[in-house]
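**Q** Mind having a look at this structure? Questions to follow.
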Amino acid sequence: MSSFQIDAIANLPDLFHSRPVIAQAPGQAPMLWWILLCCLALAGTAIIGLLLQMRRFNRYQVNLLKDNEERYRDLAYLGNDLFWELDRDLKFSYVSGHLHTLQLEDLKGKRPYQVLTSIPNLDADWDSLQDLLDHRQPLENFILRLHTSNTTLRIFKLNARPLFDKHKRFKGYRGLQREMTEEYNLTQTIAYQATYDPLTGLINRNEFDTRLHQAVKRVRERGIPSVLGYLDLDQFKIVNDTAGHLVGDQLLSELAQLLQKNIRHSDSLGRLGGDEFGLLLEGCSLQQGQHISQVLVDKIKDYQFTWRGRQFQVGVSIGLVPILGDASNVIELLSRADLACYKAKDLGRGRVYLADHDDSELDRQHLELVHIANIPQAIEEKRFQLMEQPIVSLLNENSHHVEILLRLTDEDGKAVPADLFIPMAERYGMIGLIDRWVVKTVLTNYHRYYPQGNTLVAINLSGSSLSDEKFIEFVLEVLHQSSMPPQKLCFEITETTTISQLDQALKFITTLKELGVTFALDDFGSGVSSFGYLRRLPVDYLKIDGDLIRNIGTEDYIRTIVDMVNQVATMMGMKTIAEFVENDEILESLRHLNVPYGQGYGIGKPRPLPSIADDSY
């Protein structure tokens with residue numbers, strides 16, 4: 001051992017103590033040296049253990065990253081998604097999956113516009129795509145359409161967001177492509193159901209009303225001459241009564257196509273209901289409209305329909321009215337055309353009746369119908385009767401839920417069909433009065449009808465009441481005066497009416513929901529059927545249109561639509577009610593789809609509520 005090492009060992013106590021060294025017993029210095037070596041050994045062991053732990057953690061991180069990457073690839077494969085990235089020069093830098101028929105080597109160094117436009121039969125708004133990328137804007141549901149054949153169309157959506165570093169310098173894009181063909185086809189089917197009559201292929205009542213609204217607006221703003229026609233088939237009931245409704249439906253379909261072929265391409269022909277049609281002639285004078293209508297009368301008259309060797313001949317009566325700039329509303333316009341059609345029938349059927357603006361005879365008939373629709377008199381004479389129809393849980397839930405229905409008898413005590421007096425009341429602006437009577441009667445007598453107080457009562461509201469700002473004040477006042485719990489009141493509003501006056505509907509719904517009142521969206525699937533609106537409508541129940549439910553066992557796509565509506569409603573916290581449940585087969589189909597509630601003659605028929613003396617309305 002060198003003298004330097006001996007001196008260093010001798011001075012070790014000075015390294016551990018700041019005070020003077022105390023004399024130590026012989027052999028104590030080697031013991032301190034041994035302790036120091038043990039401490040160094042323990043420290044080394046700890047460091048080695050820490051390094052081993054870090055290595056295990058790094059290995060765990062690598063495995064986790066590998067698992068996540070495999071999940072990412074599996075999701076991309078299973079979801080048929082394409083993940084892609086662009087660099088700061090807007091050129092492809094990464095692609096996972098296949099961009100149609102192109103591989104990654106076909107894409108590197110190329111821009112999306114350059115690549116996509118080279119794919120045969122791929123259509124999109126290319127200028128808009130390039131503009132969004134150039135201005136570093138997000139891509140939100142950008143649509144690509146790929147025509148794989150004359151009849152097959154595939155739909156893709158691009159979504160992407162621009163990337164920036166911490167200094168807000170552009171780095172590129174990251175996005176994905178997803179095929180939406182199945183969803184697109186389903187949406188198209190729903191849109192077609194909402195616009196067209198399934199029997200005749202003509203536009204339906206809702207679509208015709210929409211076009212008529214637009215025509216009135218164009219007349220008012222631009223002075224475009226236009227004519228409205230109302231068509232009603234003559235002797236059609238004989239075919240239904242003799243040959244049955246299936247044969248009648250066939251004849252109706254054939255006549256609809258015959259009418260469609262003999263009008264101009266710019267004209268609109270719609271089925272308004274039963275054997276009644278609406279004809280909208282824009283850019284057409286009354287004289288031109290009369291000529292077109294007469295051609296239709298002649299074509300229908302010459303048409304021969306044969307069933308089992310028997311020939312049927314039907315005719316058509318047409319009422320025409322001009323669409324003037326001062327037309328107050330579409331309902332009155334249709335009512336006047338309807339009256340002109342009846343006038344054509346009164347004059348011998350199979351003819352055209354042209355009603356000018358100052359038709360005194362038509363005005364007289366109008367007054368007669370107003371007298372027939374004297375709703376206040378019917379209320380005073382207590383000729384309205386409240387009915388209830390149960391809404392039953394299909395999944396064995398304990399619930400008490402009914403819908404209030406309305407019946408009317410005339411002066412002679414004969415029942416007036418609801419589909420007759422309700423449209424009449426709407427036509428002449430009396431439906432709001434009916435709504436008020438029903439609401440007040442039910443709320444005031446709730447505990448007399450339902451002594452246990454555990455029944456949820458649904459009341460239908462018209463579009464007229466929904467748009468009446470004073471109606472909500474009326475409901476609040478009656479709720480305050482009655483002892484009915486707001487939580488037991490549910491208002492049913494139709495899809496088309498709600499969407500047509502969305503802001504007012506939202507105000508009405510949100511105000512009453514704060515008190516606990518619930519809401520049901522009625523006839524969903526019969527009108528606009530836009531799922532986008534559901535996000536804005538805080539309703540509690542979604543009533544699936546009865547025409548869909550009635551045919552759920554006949555067409556697979558209808559079953560798919562019902563299933564989709566139920567799933568979407570469930571995801572949004574709504575409960576679905578299937579209308580028109582008429583038999584056990586429909587009931588079983590609904591239970592298989594987990595539709596929670598059902599209503600219809602197959603479950604429970606309407607029954608009258610107890611007659612209670614009116615407390616003066």
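Just remember, in the structure tokens the first chain shown is A, the second B, etc., residues are 1-based per chain, and ligands are 1-based in the order shown.
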Within 12 Å of Gln304 of chain A, counting only C-alpha atoms, which residues show up once you throw out same-chain ones fewer than 2 positions away? Write them as a ChimeraX atom specification, please.
**A** /A:251,254-255,258,299-302,306-307,309-315
**Q** Run DSSP on the backbone of this structure and report the residues of segment 165-269 of chain A it assigns to strand (DSSP E), as an mmCIF file with C-alpha atoms, in the first residue's frame.
**A**
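Result file is states.cif:
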data_model
loop_
_atom_site.group_PDB
_atom_site.id
_atom_site.type_symbol
_atom_site.label_atom_id
_atom_site.label_comp_id
_atom_site.auth_asym_id
_atom_site.auth_seq_id
_atom_site.Cartn_x
_atom_site.Cartn_y
_atom_site.Cartn_z
ATOM 1 C CA PHE A 170 -49.157 24.217 -40.111
ATOM 2 C CA LYS A 171 -47.921 20.598 -40.099
ATOM 3 C CA GLY A 172 -50.431 18.857 -42.355
ATOM 4 C CA TYR A 173 -53.709 16.948 -42.060
ATOM 5 C CA ARG A 174 -54.880 13.792 -40.361
ATOM 6 C CA GLY A 175 -58.159 12.220 -41.433
ATOM 7 C CA LEU A 176 -60.186 9.172 -42.333
ATOM 8 C CA GLN A 177 -62.534 7.915 -45.009
ATOM 9 C CA ARG A 178 -65.575 5.852 -44.130
ATOM 10 C CA GLU A 179 -68.083 4.157 -46.422
ATOM 11 C CA SER A 226 -100.398 29.901 -61.255
ATOM 12 C CA VAL A 227 -103.451 27.673 -60.844
ATOM 13 C CA LEU A 228 -104.473 25.125 -58.225
ATOM 14 C CA GLY A 229 -106.615 22.130 -59.150
ATOM 15 C CA TYR A 230 -108.495 19.707 -56.921
ATOM 16 C CA LEU A 231 -109.351 16.329 -58.509
ATOM 17 C CA ASP A 232 -111.848 13.766 -57.214
ATOM 18 C CA LEU A 233 -112.561 10.506 -59.054
ATOM 19 C CA ASP A 234 -116.195 9.800 -59.969
ATOM 20 C CA SER A 268 -96.977 18.864 -59.644
ATOM 21 C CA LEU A 269 -99.578 16.119 -59.179
#
**Q** Excluding Phe142 of chain A and any residue of its chain fewer than 4 positions from it, enumerate the residues within 7 Å of it, using only C-alpha atoms, and give them as a PDB file with N, CA, C and O atoms, in the first residue's frame.
**A**
ATOM      1  N   LYS A 157     -67.463   9.177 -46.968  1.00  0.00           N
ATOM      2  CA  LYS A 157     -67.334  10.468 -46.301  1.00  0.00           C
ATOM      3  C   LYS A 157     -65.895  10.665 -45.850  1.00  0.00           C
ATOM      4  O   LYS A 157     -65.270   9.757 -45.290  1.00  0.00           O
ATOM      5  N   LEU A 158     -65.371  11.860 -46.111  1.00  0.00           N
ATOM      6  CA  LEU A 158     -64.040  12.233 -45.640  1.00  0.00           C
ATOM      7  C   LEU A 158     -64.190  13.190 -44.463  1.00  0.00           C
ATOM      8  O   LEU A 158     -64.953  14.152 -44.523  1.00  0.00           O
ATOM      9  N   ASN A 159     -63.446  12.916 -43.404  1.00  0.00           N
ATOM     10  CA  ASN A 159     -63.369  13.821 -42.259  1.00  0.00           C
ATOM     11  C   ASN A 159     -61.898  13.987 -41.902  1.00  0.00           C
ATOM     12  O   ASN A 159     -61.147  12.997 -41.860  1.00  0.00           O
TER      13      ASN A 159
END
**Q** Between A:Leu333, A:Leu502, A:Val438, A:Leu186, single out the one closest to Ile558 of chain A, counting only C-alpha atoms.
**A**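 Result for the nearest residue to Ile558 of chain A: A:Leu186.
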**Q** By how many Å are atom CA of Ile391 of chain A and atom CA of Ser462 of chain A apart?
**A**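 Answer for the atom CA of Ile391 of chain A to atom CA of Ser462 of chain A separation: 20.4 Å.
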